[in-house]
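Trainee: The file below is my_file12.cif, mmCIF, C-alpha atoms and all ligand atoms:
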```
data_structure
loop_
_atom_site.group_PDB
_atom_site.id
_atom_site.type_symbol
_atom_site.label_atom_id
_atom_site.label_comp_id
_atom_site.auth_asym_id
_atom_site.auth_seq_id
_atom_site.Cartn_x
_atom_site.Cartn_y
_atom_site.Cartn_z
ATOM 1 C CA MET O 1 -110.790 -23.267 161.336
ATOM 2 C CA SER O 2 -114.243 -23.379 162.902
ATOM 3 C CA GLY O 3 -115.503 -22.991 166.456
ATOM 4 C CA LYS O 4 -116.733 -19.953 168.273
ATOM 5 C CA ILE O 5 -116.515 -16.431 166.925
ATOM 6 C CA ALA O 6 -116.537 -13.371 169.160
ATOM 7 C CA VAL O 7 -117.470 -9.902 167.982
ATOM 8 C CA ILE O 8 -115.716 -7.495 170.321
ATOM 9 C CA GLY O 9 -117.313 -4.052 170.176
ATOM 10 C CA THR O 10 -120.819 -4.552 168.901
ATOM 11 C CA GLY O 11 -121.706 -1.145 167.515
ATOM 12 C CA ARG O 12 -122.926 -0.438 164.007
ATOM 13 C CA ILE O 13 -120.582 -2.663 161.993
ATOM 14 C CA GLY O 14 -120.261 -5.236 164.791
ATOM 15 C CA GLU O 15 -124.023 -5.696 164.922
ATOM 16 C CA ALA O 16 -124.290 -5.783 161.107
ATOM 17 C CA LEU O 17 -121.713 -8.598 161.086
ATOM 18 C CA LEU O 18 -123.497 -10.367 163.927
ATOM 19 C CA VAL O 19 -126.828 -10.285 162.079
ATOM 20 C CA GLY O 20 -125.131 -11.436 158.889
ATOM 21 C CA LEU O 21 -123.369 -14.316 160.655
ATOM 22 C CA LEU O 22 -126.580 -15.508 162.305
ATOM 23 C CA GLY O 23 -128.497 -15.078 159.053
ATOM 24 C CA ALA O 24 -125.853 -17.123 157.262
ATOM 25 C CA GLY O 25 -126.717 -20.023 159.551
ATOM 26 C CA ARG O 26 -124.150 -19.727 162.341
ATOM 27 C CA ALA O 27 -125.706 -21.001 165.582
ATOM 28 C CA PRO O 28 -126.277 -18.297 168.217
ATOM 29 C CA ASP O 29 -124.375 -20.551 170.687
ATOM 30 C CA ASP O 30 -121.277 -20.234 168.498
ATOM 31 C CA VAL O 31 -121.277 -16.445 168.498
ATOM 32 C CA LEU O 32 -120.213 -14.368 171.490
ATOM 33 C CA VAL O 33 -120.417 -10.619 171.636
ATOM 34 C CA THR O 34 -119.143 -7.991 174.022
ATOM 35 C CA ALA O 35 -120.512 -4.569 174.890
ATOM 36 C CA ARG O 36 -119.367 -1.796 177.176
ATOM 37 C CA ARG O 37 -122.746 -0.853 178.613
ATOM 38 C CA GLU O 38 -125.218 -3.180 180.300
ATOM 39 C CA ASP O 39 -128.238 -1.675 178.497
ATOM 40 C CA ARG O 40 -126.546 -2.390 175.170
ATOM 41 C CA ALA O 41 -125.703 -5.935 176.328
ATOM 42 C CA ALA O 42 -129.358 -6.529 177.243
ATOM 43 C CA GLU O 43 -130.465 -5.173 173.863
ATOM 44 C CA LEU O 44 -128.096 -7.530 172.010
ATOM 45 C CA ARG O 45 -129.221 -10.548 174.062
ATOM 46 C CA THR O 46 -132.906 -9.843 173.461
ATOM 47 C CA ARG O 47 -132.545 -8.908 169.838
ATOM 48 C CA HIS O 48 -130.218 -11.708 168.711
ATOM 49 C CA GLY O 49 -130.283 -14.440 171.376
ATOM 50 C CA VAL O 50 -126.487 -14.439 171.664
ATOM 51 C CA ARG O 51 -124.292 -14.574 174.775
ATOM 52 C CA VAL O 52 -122.857 -11.241 175.810
ATOM 53 C CA VAL O 53 -119.659 -11.728 177.789
ATOM 54 C CA GLU O 54 -116.708 -9.738 179.092
ATOM 55 C CA ASN O 55 -113.900 -9.042 176.644
ATOM 56 C CA ALA O 56 -111.494 -11.316 178.527
ATOM 57 C CA GLU O 57 -113.960 -14.207 178.503
ATOM 58 C CA ALA O 58 -114.593 -13.745 174.780
ATOM 59 C CA ALA O 59 -110.840 -13.862 174.186
ATOM 60 C CA LYS O 60 -110.557 -17.113 176.133
ATOM 61 C CA LEU O 61 -113.583 -18.867 174.638
ATOM 62 C CA ALA O 62 -113.546 -17.870 170.982
ATOM 63 C CA ASP O 63 -111.245 -19.278 168.310
ATOM 64 C CA THR O 64 -111.772 -16.208 166.149
ATOM 65 C CA LEU O 65 -112.002 -12.678 167.519
ATOM 66 C CA ILE O 66 -113.406 -9.897 165.367
ATOM 67 C CA LEU O 67 -112.351 -6.519 166.775
ATOM 68 C CA ALA O 68 -114.921 -3.912 165.764
ATOM 69 C CA VAL O 69 -114.187 -0.964 168.029
ATOM 70 C CA LYS O 70 -113.201 2.485 166.781
ATOM 71 C CA PRO O 71 -109.549 2.818 165.733
ATOM 72 C CA GLN O 72 -109.054 5.235 168.645
ATOM 73 C CA ASP O 73 -110.296 2.580 171.119
ATOM 74 C CA LEU O 74 -108.253 -0.280 169.688
ATOM 75 C CA PRO O 75 -104.954 0.262 171.569
ATOM 76 C CA ALA O 76 -106.689 0.107 174.973
ATOM 77 C CA LEU O 77 -108.743 -2.895 173.886
ATOM 78 C CA LEU O 78 -105.634 -4.758 172.699
ATOM 79 C CA ASP O 79 -103.907 -4.091 176.023
ATOM 80 C CA GLU O 80 -106.954 -5.486 177.815
ATOM 81 C CA LEU O 81 -107.192 -8.559 175.576
ATOM 82 C CA ALA O 82 -103.502 -9.416 175.173
ATOM 83 C CA PRO O 83 -103.069 -11.487 178.356
ATOM 84 C CA HIS O 84 -106.076 -13.633 177.392
ATOM 85 C CA VAL O 85 -105.470 -14.253 173.680
ATOM 86 C CA ALA O 86 -103.580 -17.490 173.082
ATOM 87 C CA ALA O 87 -101.274 -17.404 170.072
ATOM 88 C CA ASP O 88 -103.370 -20.080 168.302
ATOM 89 C CA ARG O 89 -106.362 -17.735 168.069
ATOM 90 C CA LEU O 90 -107.194 -15.808 164.917
ATOM 91 C CA VAL O 91 -107.547 -12.076 165.516
ATOM 92 C CA ILE O 92 -109.426 -10.129 162.859
ATOM 93 C CA SER O 93 -109.355 -6.353 163.042
ATOM 94 C CA ALA O 94 -112.009 -4.338 161.220
ATOM 95 C CA ALA O 95 -110.655 -0.979 162.386
ATOM 96 C CA ALA O 96 -110.087 1.524 159.606
ATOM 97 C CA GLY O 97 -106.468 2.476 159.117
ATOM 98 C CA ILE O 98 -104.950 0.245 161.783
ATOM 99 C CA THR O 99 -102.199 -1.989 160.435
ATOM 100 C CA THR O 100 -101.755 -5.662 161.211
ATOM 101 C CA ALA O 101 -98.226 -4.784 162.386
ATOM 102 C CA PHE O 102 -99.697 -2.551 165.092
ATOM 103 C CA VAL O 103 -102.174 -5.207 166.232
ATOM 104 C CA GLU O 104 -99.432 -7.868 166.225
ATOM 105 C CA SER O 105 -97.172 -5.629 168.300
ATOM 106 C CA ARG O 106 -99.764 -5.589 171.116
ATOM 107 C CA LEU O 107 -100.413 -9.348 171.201
ATOM 108 C CA THR O 108 -98.424 -12.461 172.082
ATOM 109 C CA PRO O 109 -95.685 -12.799 169.444
ATOM 110 C CA GLY O 110 -96.785 -15.073 166.615
ATOM 111 C CA THR O 111 -100.536 -14.438 166.963
ATOM 112 C CA PRO O 112 -102.135 -14.546 163.511
ATOM 113 C CA VAL O 113 -103.795 -11.240 162.625
ATOM 114 C CA VAL O 114 -105.972 -10.523 159.611
ATOM 115 C CA ARG O 115 -107.160 -7.032 158.664
ATOM 116 C CA VAL O 116 -110.623 -6.894 157.146
ATOM 117 C CA MET O 117 -112.533 -3.904 155.847
ATOM 118 C CA PRO O 118 -116.187 -4.959 155.780
ATOM 119 C CA ASN O 119 -119.217 -2.764 155.121
ATOM 120 C CA THR O 120 -122.688 -2.463 156.624
ATOM 121 C CA PRO O 121 -124.606 -4.257 153.824
ATOM 122 C CA ALA O 122 -123.237 -7.390 155.563
ATOM 123 C CA LEU O 123 -126.463 -6.976 157.530
ATOM 124 C CA VAL O 124 -128.423 -8.154 154.462
ATOM 125 C CA ASP O 125 -125.732 -10.577 153.188
ATOM 126 C CA GLN O 126 -124.601 -8.070 150.544
ATOM 127 C CA GLY O 127 -121.386 -7.018 152.251
ATOM 128 C CA MET O 128 -118.054 -6.353 150.578
ATOM 129 C CA SER O 129 -115.124 -7.365 152.731
ATOM 130 C CA VAL O 130 -111.514 -6.742 151.806
ATOM 131 C CA ILE O 131 -109.032 -9.081 153.476
ATOM 132 C CA SER O 132 -105.271 -8.776 154.082
ATOM 133 C CA GLY O 133 -103.034 -10.975 156.169
ATOM 134 C CA GLY O 134 -100.476 -9.903 158.743
ATOM 135 C CA SER O 135 -97.028 -11.396 159.054
ATOM 136 C CA HIS O 136 -98.157 -14.476 161.016
ATOM 137 C CA ALA O 137 -101.338 -15.125 159.019
ATOM 138 C CA SER O 138 -101.019 -18.256 156.898
ATOM 139 C CA GLU O 139 -103.192 -19.266 153.966
ATOM 140 C CA ARG O 140 -105.281 -21.264 156.451
ATOM 141 C CA HIS O 141 -105.973 -18.126 158.498
ATOM 142 C CA LEU O 142 -106.861 -16.100 155.403
ATOM 143 C CA ASP O 143 -109.205 -18.891 154.292
ATOM 144 C CA ALA O 144 -110.803 -18.882 157.751
ATOM 145 C CA ALA O 145 -111.348 -15.112 157.629
ATOM 146 C CA ASP O 146 -112.649 -15.457 154.095
ATOM 147 C CA ALA O 147 -115.140 -18.111 155.202
ATOM 148 C CA VAL O 148 -116.495 -15.869 157.979
ATOM 149 C CA PHE O 149 -117.002 -12.847 155.723
ATOM 150 C CA ALA O 150 -118.127 -14.845 152.657
ATOM 151 C CA GLY O 151 -121.150 -15.730 154.791
ATOM 152 C CA VAL O 152 -122.220 -12.080 154.726
ATOM 153 C CA GLY O 153 -121.404 -11.075 151.149
ATOM 154 C CA ARG O 154 -118.458 -10.972 148.790
ATOM 155 C CA THR O 155 -114.815 -11.036 149.781
ATOM 156 C CA LEU O 156 -111.670 -9.858 148.063
ATOM 157 C CA ARG O 157 -108.056 -10.291 149.087
ATOM 158 C CA LEU O 158 -105.787 -7.296 148.552
ATOM 159 C CA PRO O 159 -102.299 -6.428 149.736
ATOM 160 C CA GLU O 160 -102.460 -4.494 152.995
ATOM 161 C CA SER O 161 -100.917 -1.482 151.243
ATOM 162 C CA GLN O 162 -104.270 -1.107 149.418
ATOM 163 C CA GLN O 163 -106.487 -1.316 152.506
ATOM 164 C CA ASP O 164 -106.731 2.458 153.012
ATOM 165 C CA ALA O 165 -107.970 2.811 149.429
ATOM 166 C CA ALA O 166 -110.390 -0.087 149.888
ATOM 167 C CA THR O 167 -111.688 1.575 153.042
ATOM 168 C CA ALA O 168 -112.457 4.698 150.997
ATOM 169 C CA LEU O 169 -114.170 2.693 148.243
ATOM 170 C CA SER O 170 -116.162 -0.125 149.814
ATOM 171 C CA GLY O 171 -115.877 0.469 153.577
ATOM 172 C CA SER O 172 -117.355 3.953 153.319
ATOM 173 C CA GLY O 173 -118.953 3.315 149.912
ATOM 174 C CA PRO O 174 -122.511 2.617 151.074
ATOM 175 C CA ALA O 175 -122.611 6.083 152.699
ATOM 176 C CA TYR O 176 -122.015 7.795 149.355
ATOM 177 C CA PHE O 177 -124.912 5.929 147.774
ATOM 178 C CA TYR O 178 -127.208 6.804 150.693
ATOM 179 C CA PHE O 179 -126.141 10.428 150.331
ATOM 180 C CA LEU O 180 -127.030 10.373 146.623
ATOM 181 C CA VAL O 181 -130.366 8.716 147.329
ATOM 182 C CA GLU O 182 -131.153 11.298 150.016
ATOM 183 C CA ALA O 183 -130.340 14.146 147.608
ATOM 184 C CA MET O 184 -132.404 12.593 144.811
ATOM 185 C CA ILE O 185 -135.409 12.208 147.122
ATOM 186 C CA ASP O 186 -135.046 15.901 147.981
ATOM 187 C CA ALA O 187 -135.107 16.602 144.259
ATOM 188 C CA GLY O 188 -138.368 14.651 144.052
ATOM 189 C CA ILE O 189 -139.826 16.920 146.728
ATOM 190 C CA LEU O 190 -138.701 19.967 144.753
ATOM 191 C CA LEU O 191 -140.454 18.514 141.705
ATOM 192 C CA GLY O 192 -143.658 18.237 143.744
ATOM 193 C CA LEU O 193 -143.788 14.513 144.557
ATOM 194 C CA PRO O 194 -144.879 13.269 147.983
ATOM 195 C CA ARG O 195 -141.844 12.132 150.017
ATOM 196 C CA ASP O 196 -142.946 8.489 150.258
ATOM 197 C CA LYS O 197 -143.470 8.264 146.495
ATOM 198 C CA ALA O 198 -140.138 9.966 145.769
ATOM 199 C CA HIS O 199 -138.494 7.504 148.190
ATOM 200 C CA GLU O 200 -140.036 4.503 146.435
ATOM 201 C CA LEU O 201 -139.068 5.731 142.956
ATOM 202 C CA ILE O 202 -135.461 6.443 143.899
ATOM 203 C CA VAL O 203 -134.828 3.396 146.079
ATOM 204 C CA GLN O 204 -136.166 0.990 143.457
ATOM 205 C CA SER O 205 -134.150 2.800 140.767
ATOM 206 C CA ALA O 206 -131.053 2.367 142.948
ATOM 207 C CA VAL O 207 -131.777 -1.323 143.518
ATOM 208 C CA GLY O 208 -132.453 -1.830 139.812
ATOM 209 C CA ALA O 209 -129.301 0.020 138.771
ATOM 210 C CA ALA O 210 -127.230 -1.982 141.282
ATOM 211 C CA ALA O 211 -128.647 -5.260 139.976
ATOM 212 C CA MET O 212 -127.899 -4.179 136.376
ATOM 213 C CA LEU O 213 -124.316 -3.314 137.327
ATOM 214 C CA ARG O 214 -123.822 -6.666 139.029
ATOM 215 C CA ASP O 215 -125.812 -8.977 136.754
ATOM 216 C CA THR O 216 -125.276 -7.717 133.194
ATOM 217 C CA GLY O 217 -121.500 -7.399 133.398
ATOM 218 C CA GLU O 218 -121.860 -4.211 131.328
ATOM 219 C CA HIS O 219 -119.592 -1.238 131.954
ATOM 220 C CA PRO O 220 -121.349 1.622 133.842
ATOM 221 C CA VAL O 221 -120.746 3.909 130.859
ATOM 222 C CA ALA O 222 -122.666 1.530 128.562
ATOM 223 C CA LEU O 223 -125.499 1.254 131.068
ATOM 224 C CA ARG O 224 -125.705 5.042 131.404
ATOM 225 C CA GLU O 225 -125.618 5.507 127.630
ATOM 226 C CA ALA O 226 -128.571 3.131 127.291
ATOM 227 C CA VAL O 227 -130.612 5.470 129.513
ATOM 228 C CA THR O 228 -129.456 8.631 127.753
ATOM 229 C CA SER O 229 -131.676 9.185 124.718
ATOM 230 C CA PRO O 230 -130.551 11.670 122.027
ATOM 231 C CA GLY O 231 -132.181 15.045 122.679
ATOM 232 C CA GLY O 232 -133.868 13.527 125.736
ATOM 233 C CA THR O 233 -134.153 14.192 129.449
ATOM 234 C CA THR O 234 -131.191 12.302 130.915
ATOM 235 C CA ILE O 235 -128.511 14.204 129.010
ATOM 236 C CA ASN O 236 -129.854 17.463 130.457
ATOM 237 C CA ALA O 237 -129.382 16.038 133.955
ATOM 238 C CA ILE O 238 -125.900 14.682 133.130
ATOM 239 C CA ARG O 239 -124.826 18.101 131.850
ATOM 240 C CA GLU O 240 -125.853 19.625 135.199
ATOM 241 C CA LEU O 241 -123.926 16.925 137.122
ATOM 242 C CA GLU O 242 -120.817 17.695 135.056
ATOM 243 C CA ASN O 243 -121.344 21.475 135.392
ATOM 244 C CA HIS O 244 -121.443 21.061 139.178
ATOM 245 C CA GLY O 245 -118.290 18.980 139.212
ATOM 246 C CA VAL O 246 -119.912 15.884 140.704
ATOM 247 C CA ARG O 247 -117.339 13.516 139.174
ATOM 248 C CA ALA O 248 -114.422 15.572 140.517
ATOM 249 C CA ALA O 249 -116.187 15.896 143.871
ATOM 250 C CA LEU O 250 -116.481 12.117 144.155
ATOM 251 C CA ILE O 251 -112.832 11.598 143.252
ATOM 252 C CA ALA O 252 -111.795 14.197 145.842
ATOM 253 C CA ALA O 253 -114.160 12.700 148.411
ATOM 254 C CA LEU O 254 -112.720 9.211 148.109
ATOM 255 C CA GLU O 255 -109.191 10.587 148.206
ATOM 256 C CA ALA O 256 -110.083 12.400 151.456
ATOM 257 C CA ALA O 257 -111.496 9.174 152.923
ATOM 258 C CA ARG O 258 -108.303 7.309 151.934
ATOM 259 C CA ASP O 259 -106.191 10.040 153.566
ATOM 260 C CA ARG O 260 -108.226 9.848 156.780
ATOM 261 C CA SER O 261 -107.740 6.085 156.891
ATOM 262 C CA ARG O 262 -103.979 6.635 156.611
ATOM 263 C CA GLU O 263 -104.138 9.250 159.365
ATOM 264 C CA LEU O 264 -106.021 6.898 161.695
ATOM 265 C CA GLY O 265 -103.230 4.368 161.296
ATOM 266 C CA ALA O 266 -100.357 6.819 161.469
ATOM 267 C CA GLY O 267 -98.222 6.556 164.545
ATOM 268 C CA ARG O 268 -99.942 3.358 165.596
HETATM 269 N N1 LIG O 301 -119.599 1.527 160.393
HETATM 270 C C1 LIG O 301 -119.072 1.030 159.274
HETATM 271 O O1 LIG O 301 -119.682 1.068 158.182
HETATM 272 C C2 LIG O 301 -117.720 0.389 159.285
HETATM 273 C C3 LIG O 301 -116.893 0.465 160.383
HETATM 274 N N2 LIG O 301 -115.670 -0.145 160.363
HETATM 275 C C4 LIG O 301 -114.789 -0.091 161.526
HETATM 276 O O2 LIG O 301 -115.455 -0.733 162.590
HETATM 277 C C5 LIG O 301 -115.121 -0.124 163.809
HETATM 278 C C6 LIG O 301 -116.391 0.266 164.546
HETATM 279 O O3 LIG O 301 -117.099 1.232 163.794
HETATM 280 P P1 LIG O 301 -118.649 1.520 164.092
HETATM 281 O O4 LIG O 301 -119.356 0.220 164.261
HETATM 282 O O5 LIG O 301 -119.087 2.464 163.049
HETATM 283 O O6 LIG O 301 -118.521 2.268 165.516
HETATM 284 P P2 LIG O 301 -119.500 2.217 166.748
HETATM 285 O O7 LIG O 301 -119.089 3.322 167.631
HETATM 286 O O8 LIG O 301 -120.921 2.116 166.294
HETATM 287 O O9 LIG O 301 -119.149 0.830 167.445
HETATM 288 C C7 LIG O 301 -118.046 0.605 168.264
HETATM 289 C C8 LIG O 301 -118.548 -0.167 169.467
HETATM 290 O O10 LIG O 301 -117.440 -0.618 170.212
HETATM 291 C C9 LIG O 301 -117.771 -0.518 171.575
HETATM 292 N N3 LIG O 301 -116.526 -0.524 172.343
HETATM 293 C C10 LIG O 301 -115.549 0.419 172.381
HETATM 294 N N4 LIG O 301 -114.565 0.035 173.197
HETATM 295 C C11 LIG O 301 -114.915 -1.179 173.681
HETATM 296 C C12 LIG O 301 -114.307 -2.082 174.558
HETATM 297 N N5 LIG O 301 -113.130 -1.818 175.117
HETATM 298 N N6 LIG O 301 -114.924 -3.246 174.804
HETATM 299 C C13 LIG O 301 -116.112 -3.550 174.225
HETATM 300 N N7 LIG O 301 -116.758 -2.723 173.385
HETATM 301 C C14 LIG O 301 -116.158 -1.556 173.120
HETATM 302 C C15 LIG O 301 -118.568 0.768 171.678
HETATM 303 O O11 LIG O 301 -119.321 0.809 172.867
HETATM 304 C C16 LIG O 301 -119.412 0.657 170.415
HETATM 305 O O12 LIG O 301 -120.618 -0.049 170.657
HETATM 306 C C17 LIG O 301 -114.224 1.059 163.491
HETATM 307 O O13 LIG O 301 -112.895 0.694 163.724
HETATM 308 C C18 LIG O 301 -114.467 1.314 162.016
HETATM 309 O O14 LIG O 301 -113.307 1.809 161.404
HETATM 310 C C19 LIG O 301 -115.241 -0.879 159.299
HETATM 311 C C20 LIG O 301 -116.025 -0.988 158.196
HETATM 312 C C21 LIG O 301 -117.296 -0.332 158.061
HETATM 313 O O1 LIG O 302 -116.288 6.025 158.701
HETATM 314 C C1 LIG O 302 -115.489 5.188 159.138
HETATM 315 O O2 LIG O 302 -114.414 5.547 159.664
HETATM 316 C C2 LIG O 302 -115.781 3.713 159.009
HETATM 317 C C3 LIG O 302 -114.716 2.988 158.232
HETATM 318 C C4 LIG O 302 -115.350 2.636 156.922
HETATM 319 C C5 LIG O 302 -116.750 2.958 157.109
HETATM 320 N N1 LIG O 302 -116.978 3.510 158.250
#
```
Would you kindly transcribe this structure into structure tokens?

Mentor:
Amino acid sequence: MSGKIAVIGTGRIGEALLVGLLGAGRAPDDVLVTARREDRAAELRTRHGVRVVENAEAAKLADTLILAVKPQDLPALLDELAPHVAADRLVISAAAGITTAFVESRLTPGTPVVRVMPNTPALVDQGMSVISGGSHASERHLDAADAVFAGVGRTLRLPESQQDAATALSGSGPAYFYFLVEAMIDAGILLGLPRDKAHELIVQSAVGAAAMLRDTGEHPVALREAVTSPGGTTINAIRELENHGVRAALIAALEAARDRSRELGAGR
């Protein structure tokens, strides 16, 4: 399935996907976006050279619709789009928590719906997108969704029952790393380093650690052990992390994110 793609709701993740799609070589003429406010529409036109259209027009013109509005705004958007979405279109929802069954229930019966949980590193082609099909999504539709998101990073298919967990891990995941980086830069300040130098040291350490995780195939425990010299500095830091319950805090944090994803979908 090729043709035009529309990003409906071009906020933070919508724009990240847009940039990723254009960066992956999709022609600006083949990408439509929608925005609620005219100043935002003008910004998107100037910044990315894409056509900004009304939601209804996007639904009529695009073969694939990516819905990237907040879960709370999705019901109203679906009601607005439904009369204009032909049942041969592919509808991809990126809304946390919202089930394909809910989206299907608001559209023409038989419309293929795919649920995708992307993440913002799609902006730099390093996204992680988790894909699940609804009841009318065939292998061809899943392949089509896969092809769109593979252009902006890695993709993984999981049963929809695991999407709330995936949302907690990879959808929200980048935020946890930014939080850690922010805290580690603060530590650099405490240790007397200038902020820009602390930033450089931590960001490059994060990039290096991420590349090691991805490229060596080593388990994170082995990689951490290789940094942790007997009687050295790292083990003192690790002891403090364990004393402060950082591992348990992360487990609880991701569980809370998973629960919120479930809540967002509940009753819808
Ligand atoms: N921000 C992220 O890292 C991720 C977000 N998501 C999901 O993506 C969705 C959007 O999240 P964000 O981008 O963070 O929110 P956001 O608030 O930055 O973007 C939502 C955009 O949708 C627009 N919008 C709302 N109703 C509209 C309508 N009827 N027609 C056209 N545009 C409309 C808003 O004006 C806004 O620009 C949510 O459902 C979220 O669960 C999924 C994965 C990652
Ligand atoms: O915070 C949120 O609800 C969205 C979903 C995953 C990442 N951001």

Trainee: Looking at O:Ala252, O:Leu190, O:Leu241, O:Leu17, which one is nearest to Ala68 (chain O), with distances taken over only C-alpha atoms?

Mentor: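 Counting only C-alpha atoms, the residue closest to Ala68 (chain O) is O:Leu17.
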
Trainee: From the set O:Gly133, O:Gly127, O:Gly188, O:Gly231, which residue has the shortest atom-to-atom contact distance to Val203 (chain O), counting all atoms listed in the file?

Mentor: O:Gly188

Trainee: Can you pull out every residue with an atom within 12 Å of ligand LIG 302 (chain O)? Use all atoms listed in the file and format it as a PyMOL selection string.

Mentor: chain O and resi 11-14+68-72+93-98+116-121+128-130+163-176+254+256-265

Trainee: Fewer than 5 positions away in the same chain doesn't count, so skip those; otherwise give me all residues within 9 Å of Asp79 (chain O), counting all atoms listed in the file, as a ChimeraX atom specification.

Mentor: /O:74,106-107

Trainee: In Å, with one decimal, what is the gap from CA of Ala35 (chain O) to CA of Val19 (chain O)?

Mentor: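 Value for the CA of Ala35 (chain O)-CA of Val19 (chain O) distance: 15.4 Å.
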